[in-house]
Amino acid sequence: MNTKIVIVGVSGRMGMALLEGVFADDELMLHAALDRAESAYIGRNVGAQFGVDSEVKVSDEIAAINGADVLIDFTRPEASMQYVKACQQAGVKMVIGTTGFIEAEKIKIETASKDNAIVFAPNMSVGVTLLLNLVEQAAKVLGDDYDIEVVEMHHRHKVDAPSGTALRLGDAAAQGLGRNIKDCAVYAREGFTGEREAGKIGFATLRGGDVVGDHTVIYAGTGERVEITHKASSRATFALGALRAAKFLSNKETGLFDMQDVLGFK
Ligand code: NAD
């Protein structure tokens, strides 16, 4: 039987990518599409812009989640917390991709997962999840004789550096070496830096154009170099990961999971 999906924040960038993904997937069925009352999309037929015959109209009625299997949330923390409460009451599982929660909110999400299963992950890309795992493994195998550098490139509008994913990759490499990234990270080099210190993990940032997100971890040893690279080309990668997470929940009743669980790494 098809998994009945609710998409919230449906008029957002991720909401649109999720809609497209659900319509293209035979195992999933759109049960409801929600957004905030002020959204210009309220009342619109969601299938129309994708050329799909769907009865679903964008609504702000939270009761529309009743009878659904999984609610997928990429909105804002304050909205997510309302949906967490509603899903807890209605017996609906959740995939939460929203970022920026404070600790108290994360605890509420964990508590809610004791009633209905939740996948909660700040990066739903299947490729990035795999990369994190590979990077840790490679660091473990190659060890201290290989110098580790993390290189990332993003579009010209990105305001922070290095990217959150680059930081997580550095952390994964440090864990593979049994170290704490705080003790070995080098975030910038300029001028007379002296020789590279053994055991450090370096970061380099490139910015330009419309690059969605490229990440490479380099392990430079004596006589060889290993490079592990991920390149994101669209938001579809996050949407497809979220849909994979929704399917993963089909045989889970309770519990809090992340993308490592979804991909079977744990
Ligand atoms: P966006 O601004 O394009 O869309 C946000 C949507 O949420 C809009 O439709 C908006 O109307 C809706 N919304 C906001 N407040 C609401 C409320 N109170 N009630 C109901 N709906 C509300 O943002 P986006 O780029 O789609 O990103 C959304 C979230 O997903 C962000 O937190 C972003 O960091 C996160 N994100 C996570 C991943 C991941 O892999 N986990 C990937 C991309 C984005």
# chains A, B, ... in the order shown; residues from 1 in each chain; ligands from 1
>>> residues_around(residues="Ser59 of chain A", least_positions_apart="4", cutoff="12 Å", atoms="only C-alpha atoms", output="JSON, numbers by chain")
{"A": [6, 7, 8, 9, 10, 11, 31, 32, 33, 34, 35, 36, 37, 38, 39, 40, 41, 42, 43, 44, 45, 46, 63, 64, 65]}
>>> write_last_selection(atoms="C-alpha atoms", output="PDB file, in the first residue's frame")
ATOM      1  CA  VAL A   6       1.935  15.230   4.217  1.00  0.00           C
ATOM      2  CA  ILE A   7       4.311  17.997   3.070  1.00  0.00           C
ATOM      3  CA  VAL A   8       4.427  21.119   5.242  1.00  0.00           C
ATOM      4  CA  GLY A   9       6.033  24.388   4.123  1.00  0.00           C
ATOM      5  CA  VAL A  10       4.952  23.276   0.684  1.00  0.00           C
ATOM      6  CA  SER A  11       5.486  26.661  -0.990  1.00  0.00           C
ATOM      7  CA  HIS A  31      -2.268  13.062   1.497  1.00  0.00           C
ATOM      8  CA  ALA A  32      -2.101  16.800   2.324  1.00  0.00           C
ATOM      9  CA  ALA A  33      -0.018  19.926   1.649  1.00  0.00           C
ATOM     10  CA  LEU A  34       0.201  22.555   4.396  1.00  0.00           C
ATOM     11  CA  ASP A  35       1.634  26.027   4.762  1.00  0.00           C
ATOM     12  CA  ARG A  36       1.153  29.022   7.003  1.00  0.00           C
ATOM     13  CA  ALA A  37      -2.131  30.961   6.744  1.00  0.00           C
ATOM     14  CA  GLU A  38      -0.405  33.995   5.158  1.00  0.00           C
ATOM     15  CA  SER A  39       1.108  31.952   2.313  1.00  0.00           C
ATOM     16  CA  ALA A  40      -0.049  33.024  -1.162  1.00  0.00           C
ATOM     17  CA  TYR A  41      -0.306  29.319  -2.004  1.00  0.00           C
ATOM     18  CA  ILE A  42      -3.272  28.570   0.315  1.00  0.00           C
ATOM     19  CA  GLY A  43      -6.119  27.083  -1.746  1.00  0.00           C
ATOM     20  CA  ARG A  44      -3.947  26.315  -4.801  1.00  0.00           C
ATOM     21  CA  ASN A  45      -4.099  22.908  -6.406  1.00  0.00           C
ATOM     22  CA  VAL A  46      -0.626  21.421  -5.873  1.00  0.00           C
ATOM     23  CA  ALA A  63      -6.401  18.580  10.995  1.00  0.00           C
ATOM     24  CA  ALA A  64      -5.579  17.624   7.386  1.00  0.00           C
ATOM     25  CA  ILE A  65      -2.779  15.433   8.756  1.00  0.00           C
TER      26      ILE A  65
END
>>> select_by_dssp(residues="segment 155-218 of chain A", states="strand (DSSP E or B)", output="number ranges by chain")
A: 185-186, 201-207, 213-218
>>> write_last_selection(atoms="N, CA, C and O atoms", output="mmCIF file, in the first residue's frame")
data_model
loop_
_atom_site.group_PDB
_atom_site.id
_atom_site.type_symbol
_atom_site.label_atom_id
_atom_site.label_comp_id
_atom_site.auth_asym_id
_atom_site.auth_seq_id
_atom_site.Cartn_x
_atom_site.Cartn_y
_atom_site.Cartn_z
ATOM 1 N N ALA A 185 42.037 21.484 14.107
ATOM 2 C CA ALA A 185 41.573 22.197 12.903
ATOM 3 C C ALA A 185 42.443 23.406 12.590
ATOM 4 O O ALA A 185 42.866 24.137 13.489
ATOM 5 N N VAL A 186 42.714 23.627 11.292
ATOM 6 C CA VAL A 186 43.362 24.856 10.805
ATOM 7 C C VAL A 186 42.418 25.448 9.768
ATOM 8 O O VAL A 186 42.224 24.875 8.698
ATOM 9 N N ILE A 201 44.173 19.094 10.694
ATOM 10 C CA ILE A 201 43.206 18.926 9.603
ATOM 11 C C ILE A 201 42.914 20.323 9.063
ATOM 12 O O ILE A 201 42.434 21.198 9.795
ATOM 13 N N GLY A 202 43.284 20.555 7.777
ATOM 14 C CA GLY A 202 43.138 21.886 7.193
ATOM 15 C C GLY A 202 41.823 22.048 6.449
ATOM 16 O O GLY A 202 41.244 21.071 5.961
ATOM 17 N N PHE A 203 41.345 23.288 6.399
ATOM 18 C CA PHE A 203 40.111 23.599 5.653
ATOM 19 C C PHE A 203 40.437 24.673 4.621
ATOM 20 O O PHE A 203 41.169 25.624 4.920
ATOM 21 N N ALA A 204 39.886 24.555 3.411
ATOM 22 C CA ALA A 204 40.040 25.591 2.392
ATOM 23 C C ALA A 204 38.679 25.861 1.761
ATOM 24 O O ALA A 204 37.905 24.929 1.513
ATOM 25 N N THR A 205 38.387 27.149 1.560
ATOM 26 C CA THR A 205 37.062 27.559 1.083
ATOM 27 C C THR A 205 37.169 28.275 -0.260
ATOM 28 O O THR A 205 37.966 29.204 -0.394
ATOM 29 N N LEU A 206 36.363 27.856 -1.226
ATOM 30 C CA LEU A 206 36.263 28.544 -2.522
ATOM 31 C C LEU A 206 34.839 29.053 -2.669
ATOM 32 O O LEU A 206 33.892 28.391 -2.240
ATOM 33 N N ARG A 207 34.662 30.234 -3.264
ATOM 34 C CA ARG A 207 33.324 30.811 -3.467
ATOM 35 C C ARG A 207 33.181 31.303 -4.896
ATOM 36 O O ARG A 207 34.112 31.951 -5.407
ATOM 37 N N GLY A 213 27.109 23.010 -4.052
ATOM 38 C CA GLY A 213 27.925 22.550 -2.920
ATOM 39 C C GLY A 213 28.860 21.421 -3.321
ATOM 40 O O GLY A 213 28.389 20.330 -3.637
ATOM 41 N N ASP A 214 30.168 21.690 -3.348
ATOM 42 C CA ASP A 214 31.182 20.662 -3.627
ATOM 43 C C ASP A 214 32.029 20.476 -2.375
ATOM 44 O O ASP A 214 32.445 21.464 -1.758
ATOM 45 N N HIS A 215 32.308 19.235 -2.021
ATOM 46 C CA HIS A 215 33.175 18.946 -0.869
ATOM 47 C C HIS A 215 34.161 17.850 -1.238
ATOM 48 O O HIS A 215 33.746 16.822 -1.794
ATOM 49 N N THR A 216 35.433 18.075 -0.915
ATOM 50 C CA THR A 216 36.451 17.038 -1.138
ATOM 51 C C THR A 216 37.294 16.904 0.125
ATOM 52 O O THR A 216 37.695 17.918 0.709
ATOM 53 N N VAL A 217 37.525 15.669 0.542
ATOM 54 C CA VAL A 217 38.478 15.426 1.632
ATOM 55 C C VAL A 217 39.706 14.759 1.003
ATOM 56 O O VAL A 217 39.581 13.760 0.293
ATOM 57 N N ILE A 218 40.872 15.378 1.236
ATOM 58 C CA ILE A 218 42.134 14.887 0.654
ATOM 59 C C ILE A 218 42.978 14.262 1.765
ATOM 60 O O ILE A 218 43.132 14.843 2.843
#
>>> atom_distance(atom1="atom CA of Gly47 of chain A", atom2="atom 33 (C, counted along the ligand's line) of ligand 1")
23.5 Å
>>> residues_near_ligand(ligand="ligand 1", cutoff="8 Å", atoms="only C-alpha atoms and all ligand atoms", output="MDAnalysis selection string")
chainID A and resid 8:16 34:39 60 73:80 96:100 120:125 235 238:239 241:242
>>> closest_residue(among="A:Asp160, A:Val211, A:Gly264, A:Tyr219", to="Gly143 of chain A", atoms="only C-alpha atoms")
A:Tyr219
>>> closest_residue(among="A:Gly170, A:Gly255, A:Gly208, A:Gly221", to="His154 of chain A", atoms="only C-alpha atoms")
A:Gly208
>>> closest_residue(among="A:Glu195, A:Glu149, A:Glu190, A:Asp183", to="Glu227 of chain A", atoms="only C-alpha atoms")
A:Glu149
>>> residues_around(residues="Ile181 of chain A", least_positions_apart="3", cutoff="9 Å", atoms="only C-alpha atoms", output="ChimeraX atom specification")
/A:167,170-175,184-185,200-201
>>> write_last_selection(atoms="N, CA, C and O atoms", output="PDB file, in the first residue's frame")
ATOM      1  N   LEU A 167      32.607  21.274   7.970  1.00  0.00           N
ATOM      2  CA  LEU A 167      32.971  21.132   9.389  1.00  0.00           C
ATOM      3  C   LEU A 167      32.654  19.718   9.881  1.00  0.00           C
ATOM      4  O   LEU A 167      33.429  19.112  10.624  1.00  0.00           O
ATOM      5  N   GLY A 170      35.275  17.356   8.560  1.00  0.00           N
ATOM      6  CA  GLY A 170      36.502  17.458   9.348  1.00  0.00           C
ATOM      7  C   GLY A 170      36.358  16.707  10.665  1.00  0.00           C
ATOM      8  O   GLY A 170      37.267  15.996  11.112  1.00  0.00           O
ATOM      9  N   ASP A 171      35.184  16.844  11.245  1.00  0.00           N
ATOM     10  CA  ASP A 171      34.893  16.172  12.510  1.00  0.00           C
ATOM     11  C   ASP A 171      34.924  14.643  12.330  1.00  0.00           C
ATOM     12  O   ASP A 171      35.472  13.915  13.157  1.00  0.00           O
ATOM     13  N   ALA A 172      34.332  14.184  11.223  1.00  0.00           N
ATOM     14  CA  ALA A 172      34.313  12.736  10.948  1.00  0.00           C
ATOM     15  C   ALA A 172      35.743  12.207  10.782  1.00  0.00           C
ATOM     16  O   ALA A 172      36.082  11.134  11.295  1.00  0.00           O
ATOM     17  N   ALA A 173      36.586  12.981  10.073  1.00  0.00           N
ATOM     18  CA  ALA A 173      37.983  12.561   9.876  1.00  0.00           C
ATOM     19  C   ALA A 173      38.707  12.512  11.230  1.00  0.00           C
ATOM     20  O   ALA A 173      39.431  11.555  11.531  1.00  0.00           O
ATOM     21  N   ALA A 174      38.471  13.543  12.050  1.00  0.00           N
ATOM     22  CA  ALA A 174      39.118  13.585  13.371  1.00  0.00           C
ATOM     23  C   ALA A 174      38.680  12.381  14.215  1.00  0.00           C
ATOM     24  O   ALA A 174      39.507  11.748  14.884  1.00  0.00           O
ATOM     25  N   GLN A 175      37.389  12.063  14.142  1.00  0.00           N
ATOM     26  CA  GLN A 175      36.892  10.901  14.906  1.00  0.00           C
ATOM     27  C   GLN A 175      37.566   9.619  14.450  1.00  0.00           C
ATOM     28  O   GLN A 175      37.903   8.756  15.261  1.00  0.00           O
ATOM     29  N   CYS A 184      42.674  20.085  16.442  1.00  0.00           N
ATOM     30  CA  CYS A 184      43.550  19.906  15.271  1.00  0.00           C
ATOM     31  C   CYS A 184      43.119  20.689  14.032  1.00  0.00           C
ATOM     32  O   CYS A 184      43.784  20.605  13.000  1.00  0.00           O
ATOM     33  N   ALA A 185      42.037  21.484  14.107  1.00  0.00           N
ATOM     34  CA  ALA A 185      41.573  22.197  12.903  1.00  0.00           C
ATOM     35  C   ALA A 185      42.443  23.406  12.590  1.00  0.00           C
ATOM     36  O   ALA A 185      42.866  24.137  13.489  1.00  0.00           O
ATOM     37  N   LYS A 200      47.400  17.909  11.893  1.00  0.00           N
ATOM     38  CA  LYS A 200      46.371  18.957  11.731  1.00  0.00           C
ATOM     39  C   LYS A 200      45.398  18.573  10.622  1.00  0.00           C
ATOM     40  O   LYS A 200      45.759  17.831   9.700  1.00  0.00           O
ATOM     41  N   ILE A 201      44.173  19.094  10.694  1.00  0.00           N
ATOM     42  CA  ILE A 201      43.206  18.926   9.603  1.00  0.00           C
ATOM     43  C   ILE A 201      42.914  20.323   9.063  1.00  0.00           C
ATOM     44  O   ILE A 201      42.434  21.198   9.795  1.00  0.00           O
TER      45      ILE A 201
END
>>> residues_around(residues="Asp69 of chain A", least_positions_apart="3", cutoff="10 Å", atoms="only C-alpha atoms", output="list of chain:residue names")
A:Asn2, A:Thr3, A:Lys4, A:Ile5, A:Val6, A:Met29, A:His31, A:Ile65, A:Asn66, A:Cys87, A:Ala90, A:Gly91, A:Val92, A:Lys93, A:Met94, A:Ala246, A:Lys247, A:Leu249, A:Ser250
>>> select_by_dssp(residues="segment 55-151 of chain A", states="helix (DSSP H, G or I)", output="PyMOL selection string")
chain A and resi 62-65+77-90+103-112+126-145
>>> atom_distance(atom1="atom CA of Val58 of chain A", atom2="atom CA of Phe248 of chain A")
25.8 Å
>>> closest_residue(among="A:Ala138, A:Lys252, A:Met259, A:Gly51", to="Arg225 of chain A", atoms="only C-alpha atoms")
A:Ala138
>>> closest_residue(among="A:Leu169, A:Gly223, A:Thr254, A:Gly67", to="Leu134 of chain A", atoms="only C-alpha atoms")
A:Leu169
>>> closest_residue(among="A:Leu240, A:Arg156, A:Leu142, A:Asn180", to="Thr222 of chain A", atoms="only C-alpha atoms")
A:Leu142
